[in-house]
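Q: Have a peek at protein.cif (mmCIF, C-alpha atoms).
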```
data_query
loop_
_atom_site.label_atom_id
_atom_site.label_comp_id
_atom_site.auth_asym_id
_atom_site.auth_seq_id
_atom_site.Cartn_x
_atom_site.Cartn_y
_atom_site.Cartn_z
CA MET A 1 41.15 -18.47 5.23
CA ALA A 2 39.10 -16.91 8.03
CA PRO A 3 35.94 -15.03 7.02
CA THR A 4 36.25 -11.27 7.20
CA SER A 5 32.90 -10.05 5.96
CA ASN A 6 31.15 -9.85 9.35
CA ARG A 7 33.86 -8.02 11.28
CA LYS A 8 32.99 -4.63 12.67
CA HIS A 9 35.22 -1.79 11.55
CA ARG A 10 35.99 1.07 13.92
CA GLY A 11 33.77 4.03 13.15
CA SER A 12 31.62 2.12 10.66
CA SER A 13 28.60 -0.18 10.69
CA PRO A 14 28.92 -3.91 9.97
CA ARG A 15 29.35 -4.87 6.34
CA VAL A 16 26.20 -5.80 4.44
CA ARG A 17 25.78 -9.57 4.29
CA PRO A 18 27.56 -10.92 1.16
CA THR A 19 25.42 -12.20 -1.69
CA ILE A 20 25.60 -15.26 -3.86
CA ARG A 21 26.44 -12.99 -6.80
CA GLU A 22 29.57 -11.85 -4.95
CA VAL A 23 30.53 -15.46 -4.30
CA ALA A 24 30.16 -16.26 -8.00
CA LYS A 25 32.21 -13.22 -9.00
CA LEU A 26 35.02 -13.99 -6.58
CA ALA A 27 35.15 -17.65 -7.63
CA GLY A 28 34.91 -16.75 -11.32
CA VAL A 29 31.92 -19.03 -11.94
CA ALA A 30 28.24 -18.76 -12.86
CA LEU A 31 25.52 -18.26 -10.26
CA MET A 32 24.15 -21.73 -10.96
CA THR A 33 27.56 -23.25 -10.24
CA VAL A 34 27.50 -21.70 -6.77
CA SER A 35 23.99 -23.09 -6.30
CA ARG A 36 25.17 -26.58 -7.27
CA VAL A 37 28.02 -26.41 -4.77
CA ILE A 38 25.71 -25.19 -2.01
CA ASN A 39 23.31 -28.03 -2.75
CA ASP A 40 26.09 -30.60 -3.13
CA HIS A 41 25.23 -31.42 -6.74
CA PRO A 42 27.51 -34.20 -8.07
CA SER A 43 28.08 -32.56 -11.47
CA VAL A 44 30.54 -29.95 -10.10
CA ARG A 45 34.20 -30.72 -10.74
CA PRO A 46 36.37 -30.95 -7.61
CA LYS A 47 38.58 -28.03 -8.67
CA THR A 48 35.55 -25.79 -9.24
CA ARG A 49 33.95 -26.90 -5.99
CA LYS A 50 37.09 -25.92 -4.07
CA LYS A 51 37.12 -22.45 -5.68
CA VAL A 52 33.51 -21.83 -4.73
CA GLN A 53 33.98 -23.12 -1.19
CA ALA A 54 37.02 -20.89 -0.78
CA ALA A 55 35.02 -17.87 -1.97
CA ILE A 56 32.20 -18.69 0.46
CA GLU A 57 34.71 -18.95 3.29
CA GLN A 58 36.55 -15.76 2.32
CA LEU A 59 33.37 -13.68 2.05
CA GLY A 60 31.74 -15.22 5.09
CA TYR A 61 28.68 -16.21 3.10
CA GLU A 62 26.11 -17.67 5.52
CA ARG A 63 25.82 -21.33 4.70
CA ASN A 64 22.67 -21.81 6.77
CA GLU A 65 20.83 -19.35 4.49
CA ALA A 66 22.28 -20.92 1.38
CA ALA A 67 21.40 -24.47 2.33
CA GLY A 68 17.70 -23.76 2.02
CA MET A 69 17.94 -21.51 -0.99
CA LEU A 70 16.57 -23.98 -3.52
CA LYS A 71 15.60 -27.00 -1.43
CA GLY A 72 12.26 -27.13 0.32
CA HIS A 73 10.89 -23.93 -1.22
CA ARG A 74 10.28 -24.88 -4.83
CA ALA A 75 10.53 -28.07 -6.83
CA MET A 76 13.76 -28.77 -8.69
CA MET A 77 11.73 -28.59 -11.87
CA ILE A 78 11.24 -26.05 -14.63
CA GLY A 79 8.38 -25.68 -17.08
CA LEU A 80 8.54 -25.21 -20.83
CA ILE A 81 5.59 -24.04 -22.94
CA VAL A 82 5.84 -24.04 -26.74
CA PRO A 83 3.14 -23.49 -29.40
CA ASP A 84 3.58 -26.81 -31.23
CA LEU A 85 5.82 -29.79 -30.36
CA SER A 86 5.39 -31.26 -33.85
CA ASP A 87 7.34 -28.30 -35.27
CA ILE A 88 11.02 -29.27 -35.62
CA PHE A 89 12.20 -25.87 -34.40
CA PHE A 90 10.21 -26.04 -31.16
CA ALA A 91 10.99 -29.74 -30.69
CA THR A 92 14.73 -29.02 -30.97
CA CYS A 93 14.40 -26.25 -28.39
CA ALA A 94 12.56 -28.62 -26.04
CA ASN A 95 15.16 -31.37 -26.41
CA THR A 96 18.03 -28.93 -25.78
CA ILE A 97 16.39 -27.46 -22.68
CA GLU A 98 15.53 -30.87 -21.23
CA GLN A 99 19.14 -32.02 -21.55
CA LEU A 100 20.55 -28.83 -20.04
CA ALA A 101 18.04 -28.91 -17.20
CA ARG A 102 18.96 -32.51 -16.42
CA ASP A 103 22.64 -31.55 -16.31
CA ASN A 104 21.73 -28.89 -13.74
CA GLY A 105 19.72 -31.25 -11.56
CA TYR A 106 16.27 -30.17 -12.78
CA MET A 107 13.39 -32.07 -14.30
CA THR A 108 11.43 -30.41 -17.12
CA LEU A 109 7.66 -30.30 -17.56
CA ILE A 110 7.04 -29.72 -21.28
CA VAL A 111 3.63 -28.80 -22.70
CA SER A 112 2.25 -27.48 -25.98
CA SER A 113 -0.26 -24.63 -26.04
CA GLY A 114 -1.55 -25.49 -29.51
CA HIS A 115 -1.14 -21.80 -30.50
CA ASN A 116 -3.84 -20.96 -27.93
CA ALA A 117 -2.96 -17.89 -25.84
CA GLU A 118 -5.59 -18.61 -23.13
CA LEU A 119 -4.48 -22.23 -22.75
CA GLU A 120 -0.90 -21.02 -22.55
CA MET A 121 -1.69 -18.81 -19.55
CA GLU A 122 -3.65 -21.58 -17.84
CA GLN A 123 -0.68 -23.91 -18.25
CA ALA A 124 1.68 -21.30 -16.80
CA GLU A 125 -0.59 -20.70 -13.81
CA LEU A 126 -0.84 -24.45 -13.15
CA MET A 127 2.97 -24.68 -13.16
CA ALA A 128 3.16 -21.82 -10.66
CA ARG A 129 0.69 -23.60 -8.36
CA ARG A 130 2.87 -26.71 -8.50
CA ARG A 131 5.75 -24.63 -7.14
CA LEU A 132 8.03 -25.04 -10.14
CA SER A 133 11.24 -23.02 -9.91
CA GLY A 134 11.05 -21.41 -13.32
CA LEU A 135 9.26 -21.16 -16.64
CA LEU A 136 10.56 -20.92 -20.19
CA ILE A 137 7.94 -19.86 -22.70
CA ILE A 138 7.59 -19.39 -26.44
CA THR A 139 4.35 -17.46 -26.45
CA SER A 140 1.69 -18.24 -29.05
CA GLY A 141 -0.03 -14.90 -28.96
CA LYS A 142 -0.66 -11.74 -27.01
CA CYS A 143 -0.25 -12.43 -23.31
CA ASP A 144 -2.11 -10.86 -20.42
CA PRO A 145 0.59 -8.72 -18.73
CA ALA A 146 -1.27 -8.66 -15.41
CA ARG A 147 -1.43 -12.45 -15.25
CA VAL A 148 2.25 -12.83 -16.14
CA GLU A 149 3.26 -10.26 -13.52
CA LYS A 150 1.22 -12.16 -10.94
CA LEU A 151 3.21 -15.30 -11.79
CA ARG A 152 6.48 -13.43 -11.36
CA ALA A 153 5.30 -11.86 -8.11
CA SER A 154 4.75 -15.38 -6.74
CA GLY A 155 8.48 -16.03 -7.09
CA LEU A 156 8.36 -17.94 -10.37
CA ALA A 157 11.31 -17.09 -12.64
CA VAL A 158 10.06 -16.45 -16.19
CA VAL A 159 12.15 -16.21 -19.37
CA ALA A 160 10.59 -15.71 -22.80
CA PHE A 161 12.45 -16.80 -25.88
CA ASP A 162 11.98 -16.65 -29.66
CA ARG A 163 9.13 -14.20 -28.96
CA PRO A 164 8.85 -11.51 -26.27
CA LEU A 165 6.04 -11.25 -23.74
CA ASP A 166 4.68 -7.84 -24.72
CA GLY A 167 4.06 -5.43 -21.89
CA VAL A 168 5.92 -7.55 -19.34
CA GLY A 169 9.29 -6.68 -17.84
CA THR A 170 10.74 -10.15 -18.09
CA ASP A 171 13.88 -11.64 -19.62
CA ALA A 172 13.84 -12.41 -23.33
CA VAL A 173 16.17 -14.18 -25.76
CA LEU A 174 15.35 -13.35 -29.37
CA ILE A 175 16.64 -13.82 -32.92
CA GLU A 176 17.61 -10.94 -35.22
CA ASN A 177 14.72 -11.82 -37.56
CA ARG A 178 14.46 -8.38 -39.15
CA ALA A 179 18.16 -8.07 -39.97
CA GLY A 180 18.26 -11.64 -41.30
CA ALA A 181 15.36 -10.93 -43.66
CA GLU A 182 16.97 -7.70 -44.87
CA ASP A 183 20.19 -9.58 -45.70
CA ALA A 184 18.22 -12.17 -47.66
CA VAL A 185 16.25 -9.68 -49.72
CA ASN A 186 19.32 -7.54 -50.38
CA HIS A 187 21.03 -10.67 -51.65
CA LEU A 188 18.20 -11.20 -54.15
CA ILE A 189 18.30 -7.55 -55.15
CA GLY A 190 22.04 -7.94 -55.70
CA HIS A 191 21.25 -10.63 -58.26
CA GLY A 192 19.19 -8.11 -60.21
CA HIS A 193 15.72 -9.03 -58.95
CA LYS A 194 13.23 -6.19 -58.61
CA ARG A 195 9.97 -8.13 -58.20
CA ILE A 196 10.49 -10.16 -55.04
CA ALA A 197 7.49 -11.77 -53.38
CA CYS A 198 7.38 -12.33 -49.62
CA VAL A 199 5.50 -15.59 -49.09
CA GLY A 200 4.26 -17.11 -45.84
CA TYR A 201 1.48 -17.27 -43.26
CA ASP A 202 0.83 -16.42 -39.60
CA ASP A 203 2.01 -12.85 -40.04
CA GLY A 204 0.70 -12.03 -36.56
CA ALA A 205 3.43 -14.13 -34.96
CA TYR A 206 6.39 -12.07 -33.75
CA PRO A 207 9.17 -13.82 -35.78
CA VAL A 208 7.18 -13.65 -39.02
CA SER A 209 6.13 -10.04 -38.49
CA GLU A 210 9.76 -9.09 -37.88
CA ARG A 211 10.86 -10.89 -41.06
CA ILE A 212 8.18 -9.05 -43.01
CA LYS A 213 9.47 -5.74 -41.63
CA GLY A 214 12.99 -6.67 -42.75
CA TYR A 215 11.70 -7.59 -46.20
CA ARG A 216 9.81 -4.31 -46.52
CA ASN A 217 12.80 -2.28 -45.31
CA ALA A 218 15.07 -3.84 -47.92
CA MET A 219 12.57 -3.37 -50.75
CA LEU A 220 11.59 0.21 -49.91
CA SER A 221 15.20 1.29 -49.38
CA LYS A 222 15.85 0.36 -53.03
CA GLY A 223 12.65 1.99 -54.28
CA LEU A 224 11.01 -1.40 -54.96
CA GLN A 225 7.38 -2.32 -54.34
CA PRO A 226 6.76 -4.97 -51.64
CA GLU A 227 4.49 -7.87 -52.64
CA LEU A 228 3.19 -9.89 -49.70
CA PHE A 229 1.31 -13.19 -49.93
CA MET A 230 0.52 -14.40 -46.42
CA LYS A 231 -1.93 -17.29 -46.93
CA ILE A 232 0.48 -20.00 -48.09
CA GLU A 233 -0.02 -22.49 -45.24
CA THR A 234 -0.26 -25.71 -47.28
CA PHE A 235 1.20 -27.32 -50.40
CA GLU A 236 -2.17 -26.88 -52.14
CA ALA A 237 -2.21 -23.16 -51.34
CA ALA A 238 1.33 -22.78 -52.69
CA LEU A 239 0.39 -24.65 -55.86
CA GLU A 240 -2.73 -22.54 -56.40
CA TRP A 241 -0.82 -19.29 -55.84
CA LEU A 242 2.02 -20.21 -58.22
CA ARG A 243 -0.49 -21.14 -60.90
CA ALA A 244 -2.30 -17.83 -60.41
CA ILE A 245 0.82 -15.66 -60.73
CA GLY A 246 2.06 -17.81 -63.63
CA SER A 247 -0.83 -16.60 -65.76
CA LYS A 248 0.14 -12.96 -65.32
CA SER A 249 2.32 -11.08 -67.79
CA VAL A 250 4.23 -9.40 -64.95
CA ARG A 251 5.06 -11.68 -62.03
CA PRO A 252 7.71 -12.06 -59.32
CA THR A 253 11.11 -13.36 -60.39
CA ALA A 254 12.19 -14.25 -56.85
CA LEU A 255 10.63 -15.56 -53.65
CA PHE A 256 11.45 -14.86 -50.03
CA SER A 257 9.88 -17.52 -47.80
CA THR A 258 9.23 -16.56 -44.18
CA SER A 259 9.66 -20.04 -42.66
CA TYR A 260 10.88 -23.60 -43.13
CA ARG A 261 7.37 -25.02 -43.63
CA VAL A 262 6.52 -22.44 -46.29
CA SER A 263 9.81 -23.18 -48.06
CA VAL A 264 8.93 -26.88 -48.23
CA HIS A 265 5.46 -26.15 -49.64
CA LEU A 266 6.94 -23.80 -52.24
CA LEU A 267 9.67 -26.24 -53.28
CA ARG A 268 7.12 -29.01 -53.79
CA ALA A 269 4.82 -26.72 -55.77
CA LEU A 270 7.65 -25.37 -57.93
CA ALA A 271 8.73 -28.92 -58.75
CA GLU A 272 5.13 -29.93 -59.54
CA LEU A 273 4.81 -27.04 -62.01
CA LYS A 274 8.31 -27.67 -63.43
CA ILE A 275 9.42 -24.15 -62.52
CA ARG A 276 13.20 -24.34 -62.37
CA ILE A 277 15.25 -22.73 -59.60
CA PRO A 278 16.98 -20.31 -60.13
CA ASP A 279 16.46 -20.11 -63.93
CA ASN A 280 12.70 -19.43 -63.77
CA MET A 281 12.40 -18.36 -60.14
CA ALA A 282 15.05 -17.50 -57.55
CA MET A 283 14.34 -18.33 -53.92
CA ILE A 284 15.60 -17.79 -50.36
CA GLY A 285 13.98 -19.33 -47.29
CA PHE A 286 14.13 -18.19 -43.68
CA ASP A 287 15.17 -21.17 -41.47
CA ASP A 288 17.85 -23.56 -42.56
CA PHE A 289 17.09 -27.28 -42.66
CA ASP A 290 19.03 -30.49 -43.35
CA LEU A 291 17.66 -31.16 -46.83
CA ALA A 292 18.42 -27.62 -48.01
CA THR A 293 21.88 -28.81 -49.07
CA LEU A 294 20.58 -31.94 -50.82
CA ILE A 295 17.90 -30.53 -53.10
CA SER A 296 18.92 -29.37 -56.58
CA PRO A 297 20.02 -26.67 -56.57
CA PRO A 298 20.87 -26.28 -52.86
CA LEU A 299 18.65 -23.67 -51.25
CA THR A 300 20.02 -20.39 -49.95
CA THR A 301 18.60 -19.83 -46.47
CA VAL A 302 18.72 -17.59 -43.42
CA GLY A 303 19.95 -19.78 -40.59
CA GLN A 304 19.07 -19.47 -36.92
CA SER A 305 20.13 -21.94 -34.25
CA PRO A 306 17.33 -23.32 -32.06
CA VAL A 307 20.02 -25.03 -29.97
CA ASP A 308 21.84 -21.76 -29.20
CA LEU A 309 18.52 -20.00 -28.59
CA ALA A 310 17.35 -22.65 -26.13
CA LYS A 311 20.71 -22.85 -24.34
CA ARG A 312 20.89 -19.08 -23.80
CA ALA A 313 17.30 -19.00 -22.54
CA ALA A 314 17.81 -21.93 -20.16
CA ARG A 315 21.04 -20.56 -18.73
CA LEU A 316 19.40 -17.19 -18.19
CA LEU A 317 16.53 -18.92 -16.39
CA PHE A 318 18.83 -20.87 -14.08
CA ASP A 319 20.70 -17.69 -13.17
CA ARG A 320 17.39 -15.92 -12.55
CA ILE A 321 16.17 -18.74 -10.27
CA VAL A 322 19.27 -18.38 -8.12
CA GLU A 323 18.93 -14.59 -8.01
CA ILE A 324 15.29 -14.74 -6.94
CA HIS A 325 15.96 -17.14 -4.10
CA ALA A 326 19.00 -15.17 -2.98
CA GLY A 327 17.11 -11.86 -3.10
CA THR A 328 19.57 -10.32 -5.58
CA GLU A 329 17.41 -10.08 -8.70
CA SER A 330 18.86 -7.84 -11.43
CA ALA A 331 17.12 -5.90 -14.21
CA PRO A 332 15.50 -7.94 -17.03
CA ALA A 333 17.86 -8.91 -19.85
CA LYS A 334 17.19 -8.80 -23.57
CA ILE A 335 19.58 -10.96 -25.59
CA MET A 336 19.61 -10.84 -29.40
CA LEU A 337 21.13 -13.75 -31.33
CA PRO A 338 22.14 -13.45 -34.99
CA ALA A 339 20.40 -14.85 -38.06
CA THR A 340 22.97 -15.72 -40.73
CA LEU A 341 22.59 -15.76 -44.51
CA ILE A 342 23.78 -19.15 -45.82
CA VAL A 343 24.55 -18.69 -49.50
CA ARG A 344 24.04 -21.66 -51.83
CA GLN A 345 22.76 -21.79 -55.41
CA SER A 346 19.05 -20.99 -55.48
CA CYS A 347 19.56 -17.35 -56.50
CA GLY A 348 22.19 -17.95 -59.19
CA THR A 349 24.67 -20.57 -60.33
CA HIS A 350 27.65 -18.75 -58.87
CA GLU A 351 26.38 -16.87 -55.86
CA THR A 352 28.53 -14.35 -54.01
#
```
Take the structure in the file and give it back as structure tokens.

A:
Amino acid sequence: MAPTSNRKHRGSSPRVRPTIREVAKLAGVALMTVSRVINDHPSVRPKTRKKVQAAIEQLGYERNEAAGMLKGHRAMMIGLIVPDLSDIFFATCANTIEQLARDNGYMTLIVSSGHNAELEMEQAELMARRRLSGLLIITSGKCDPARVEKLRASGLAVVAFDRPLDGVGTDAVLIENRAGAEDAVNHLIGHGHKRIACVGYDDGAYPVSERIKGYRNAMLSKGLQPELFMKIETFEAALEWLRAIGSKSVRPTALFSTSYRVSVHLLRALAELKIRIPDNMAMIGFDDFDLATLISPPLTTVGQSPVDLAKRAARLLFDRIVEIHAGTESAPAKIMLPATLIVRQSCGTHET
């Protein structure tokens, strides 16, 4: 089919040059798929390739502009910064992103910031100097908005996930931490518990702070008094705390753990002190994990998918890379993914 987009119409100016977004829309594919076709990536199926090529031809998209869109300007590499690669959640995100990037023809540079906000920014700036195409980041603390905006102004695509970059107008993919925590605490309240302790650490981190807000919302909405204990970072700390509250005449009858690691510390300490779940102490943990179904009784948890989180963030980044190079960048996106209550038997023998 002959291109029609550059024809002059009587009494009107020439049509604005078609964009890669229009090609993707006409072909019914993602922006990154159009990019792969333009760059002759072997992963595109023949049928899809033909659809994209037909759309390019129909719209009169300028192939000479497209050919250099991603090649020669920036490396076919993305960066990933996480706070701690030894954490199973972050490690799963990294593995998922590396696989998806490879499928899209990108290499991935993965680094850990060690929960150090200054090191995190230095790593991001180094990636920008190396002309990476994009950056995925799980921030470890409060970022410097001016430094992040400078990175974006250089043409680096930036997508935050799990935690937003405060004060920066960049894309973010987040979990419904607050709603998930509310569901968990309401479940405990539904079992008749009125003294529910929120147990964890690192309450300055965005996910934990959101879970605490959800816990408080649920408690206060029922006229109950929140009880926060935010220094339970080790098994020994959990053991000491449980011993301390065990000596009191009035103590919590249920626990809401803010993370997988805290849940493990609490479970070990409860077993050490022979405190039976749920007979002596009910418990729900935020973050599901493989052994949650194997312990006795199986632990009720709030599940979030690091795989889904990482996939959505990576796909958003790839689309953003294409937009930036094509000069068609859209407004920042904020995507919220659900956290789901997974009911087992740690709050009652027959949970509902």

Q: Expressed in Å to a single decimal, how great is the separation between CA of His265 in chain A and CA of Arg251 in chain A?

A: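 Atom-to-atom, CA of His265 in chain A and CA of Arg251 in chain A are spaced 19.1 Å apart.
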
Q: Once the PyMOL selection byres ((chain A and resi 96) around 9) is applied to the coordinates I shared, what remains selected? I want it as a short mmCIF file (atom, residue, chain, number, x, y, z; two decimals) with C-alpha atoms, in the frame of the given file.

A:
```
data_model
loop_
_atom_site.label_atom_id
_atom_site.label_comp_id
_atom_site.auth_asym_id
_atom_site.auth_seq_id
_atom_site.Cartn_x
_atom_site.Cartn_y
_atom_site.Cartn_z
CA ALA A 91 10.99 -29.74 -30.69
CA THR A 92 14.73 -29.02 -30.97
CA CYS A 93 14.40 -26.25 -28.39
CA ALA A 94 12.56 -28.62 -26.04
CA ASN A 95 15.16 -31.37 -26.41
CA ILE A 97 16.39 -27.46 -22.68
CA GLU A 98 15.53 -30.87 -21.23
CA GLN A 99 19.14 -32.02 -21.55
CA LEU A 100 20.55 -28.83 -20.04
CA ALA A 101 18.04 -28.91 -17.20
CA PRO A 306 17.33 -23.32 -32.06
CA VAL A 307 20.02 -25.03 -29.97
CA ASP A 308 21.84 -21.76 -29.20
CA ALA A 310 17.35 -22.65 -26.13
CA LYS A 311 20.71 -22.85 -24.34
CA ALA A 314 17.81 -21.93 -20.16
#
```

Q: Run through the PyMOL selection byres ((chain A and resi 268-279) around 7) on the given coordinates and return the selected residues as a PyMOL selection string.

A: chain A and resi 235+238-239+264-267+280-282+297+346-348

Q: Grab the residues selected above and save them as a compact mmCIF listing (two decimals), in the frame of the given file with C-alpha atoms.

A:
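Written out: out38.txt:
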```txt
# COMPACT_ATOMS: atom_id res chain seq x y z
CA PHE A 235 1.20 -27.32 -50.40
CA ALA A 238 1.33 -22.78 -52.69
CA LEU A 239 0.39 -24.65 -55.86
CA VAL A 264 8.93 -26.88 -48.23
CA HIS A 265 5.46 -26.15 -49.64
CA LEU A 266 6.94 -23.80 -52.24
CA LEU A 267 9.67 -26.24 -53.28
CA ASN A 280 12.70 -19.43 -63.77
CA MET A 281 12.40 -18.36 -60.14
CA ALA A 282 15.05 -17.50 -57.55
CA PRO A 297 20.02 -26.67 -56.57
CA SER A 346 19.05 -20.99 -55.48
CA CYS A 347 19.56 -17.35 -56.50
CA GLY A 348 22.19 -17.95 -59.19
```

Q: Expand the PyMOL selection byres ((chain A and resi 177) around 7) into the individual residues it matches in the shown file, reporting them as a VMD selection string.

A: chain A and resid 175 to 176 178 to 181 207 210 to 211 339

Q: Can you write out the residues you just picked, keeping C-alpha atoms, as a PDB file, keeping the file's coordinate frame?

A:
```
ATOM      1  CA  ILE A 175      16.640 -13.820 -32.920  1.00  0.00           C
ATOM      2  CA  GLU A 176      17.610 -10.940 -35.220  1.00  0.00           C
ATOM      3  CA  ARG A 178      14.460  -8.380 -39.150  1.00  0.00           C
ATOM      4  CA  ALA A 179      18.160  -8.070 -39.970  1.00  0.00           C
ATOM      5  CA  GLY A 180      18.260 -11.640 -41.300  1.00  0.00           C
ATOM      6  CA  ALA A 181      15.360 -10.930 -43.660  1.00  0.00           C
ATOM      7  CA  PRO A 207       9.170 -13.820 -35.780  1.00  0.00           C
ATOM      8  CA  GLU A 210       9.760  -9.090 -37.880  1.00  0.00           C
ATOM      9  CA  ARG A 211      10.860 -10.890 -41.060  1.00  0.00           C
ATOM     10  CA  ALA A 339      20.400 -14.850 -38.060  1.00  0.00           C
TER      11      ALA A 339
END
```

Q: Quick check, in Å to one decimal: how far apart do CA of Pro226 in chain A and CA of Asp166 in chain A lie?

A: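 Separating CA of Pro226 in chain A from CA of Asp166 in chain A is a distance of 27.2 Å.
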
Q: Provide the CA of Leu59 in chain A to CA of Ala30 in chain A distance in Å, to one decimal place.

A: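 The value is 16.6 Å.
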
Q: For Gly285 in chain A, list every protein, DNA or RNA residue within 7 Å, evaluated using only C-alpha atoms, and leave out those in the same chain fewer than 4 positions away; present the list as a ChimeraX atom specification.

A: /A:256-260,263,300-302

Q: Here is a test: counting all atoms listed in the file, which residue of A:Ile284, A:Leu31, A:Val148, A:Val343 is nearest to Thr19 in chain A?

A: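 Smallest distance to Thr19 in chain A is found for A:Leu31.
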
Q: Complete range 120-126 of chain A at the level of all heavy atoms, written as a compact mmCIF listing (two decimals), in the frame of the given file.

A:
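Dumped everything to rebuild-v4.txt:
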```txt
# COMPACT_ATOMS: atom_id res chain seq x y z
N GLU A 120 -2.28 -21.29 -22.95
CA GLU A 120 -0.90 -21.02 -22.55
C GLU A 120 -0.84 -20.41 -21.15
O GLU A 120 -0.03 -20.84 -20.30
CB GLU A 120 -0.29 -20.07 -23.57
CG GLU A 120 1.10 -19.55 -23.29
CD GLU A 120 1.50 -18.58 -24.38
OE1 GLU A 120 1.77 -19.03 -25.50
OE2 GLU A 120 1.52 -17.37 -24.12
N MET A 121 -1.68 -19.44 -20.87
CA MET A 121 -1.69 -18.81 -19.55
C MET A 121 -2.17 -19.78 -18.48
O MET A 121 -1.66 -19.79 -17.36
CB MET A 121 -2.56 -17.56 -19.56
CG MET A 121 -1.94 -16.36 -20.27
SD MET A 121 -0.27 -15.96 -19.68
CE MET A 121 -0.52 -15.86 -17.91
N GLU A 122 -3.16 -20.59 -18.81
CA GLU A 122 -3.65 -21.58 -17.84
C GLU A 122 -2.55 -22.58 -17.49
O GLU A 122 -2.41 -22.98 -16.33
CB GLU A 122 -4.87 -22.30 -18.42
CG GLU A 122 -6.11 -21.41 -18.52
CD GLU A 122 -7.26 -22.11 -19.22
OE1 GLU A 122 -7.10 -23.30 -19.60
OE2 GLU A 122 -8.32 -21.49 -19.40
N GLN A 123 -1.78 -22.99 -18.50
CA GLN A 123 -0.68 -23.91 -18.25
C GLN A 123 0.38 -23.27 -17.36
O GLN A 123 0.90 -23.92 -16.43
CB GLN A 123 -0.05 -24.33 -19.59
CG GLN A 123 -0.95 -25.22 -20.45
CD GLN A 123 -0.42 -25.37 -21.86
OE1 GLN A 123 0.26 -24.49 -22.39
NE2 GLN A 123 -0.74 -26.49 -22.50
N ALA A 124 0.69 -22.01 -17.62
CA ALA A 124 1.68 -21.30 -16.80
C ALA A 124 1.22 -21.17 -15.36
O ALA A 124 2.00 -21.35 -14.41
CB ALA A 124 1.96 -19.92 -17.41
N GLU A 125 -0.05 -20.85 -15.17
CA GLU A 125 -0.59 -20.70 -13.81
C GLU A 125 -0.60 -22.03 -13.06
O GLU A 125 -0.35 -22.09 -11.85
CB GLU A 125 -1.99 -20.09 -13.89
CG GLU A 125 -1.96 -18.62 -14.30
CD GLU A 125 -3.30 -18.08 -14.75
OE1 GLU A 125 -4.23 -18.88 -14.98
OE2 GLU A 125 -3.43 -16.84 -14.87
N LEU A 126 -0.87 -23.12 -13.77
CA LEU A 126 -0.84 -24.45 -13.15
C LEU A 126 0.58 -24.79 -12.71
O LEU A 126 0.80 -25.34 -11.62
CB LEU A 126 -1.34 -25.50 -14.14
CG LEU A 126 -1.33 -26.95 -13.65
CD1 LEU A 126 -2.20 -27.10 -12.40
CD2 LEU A 126 -1.81 -27.89 -14.75
```
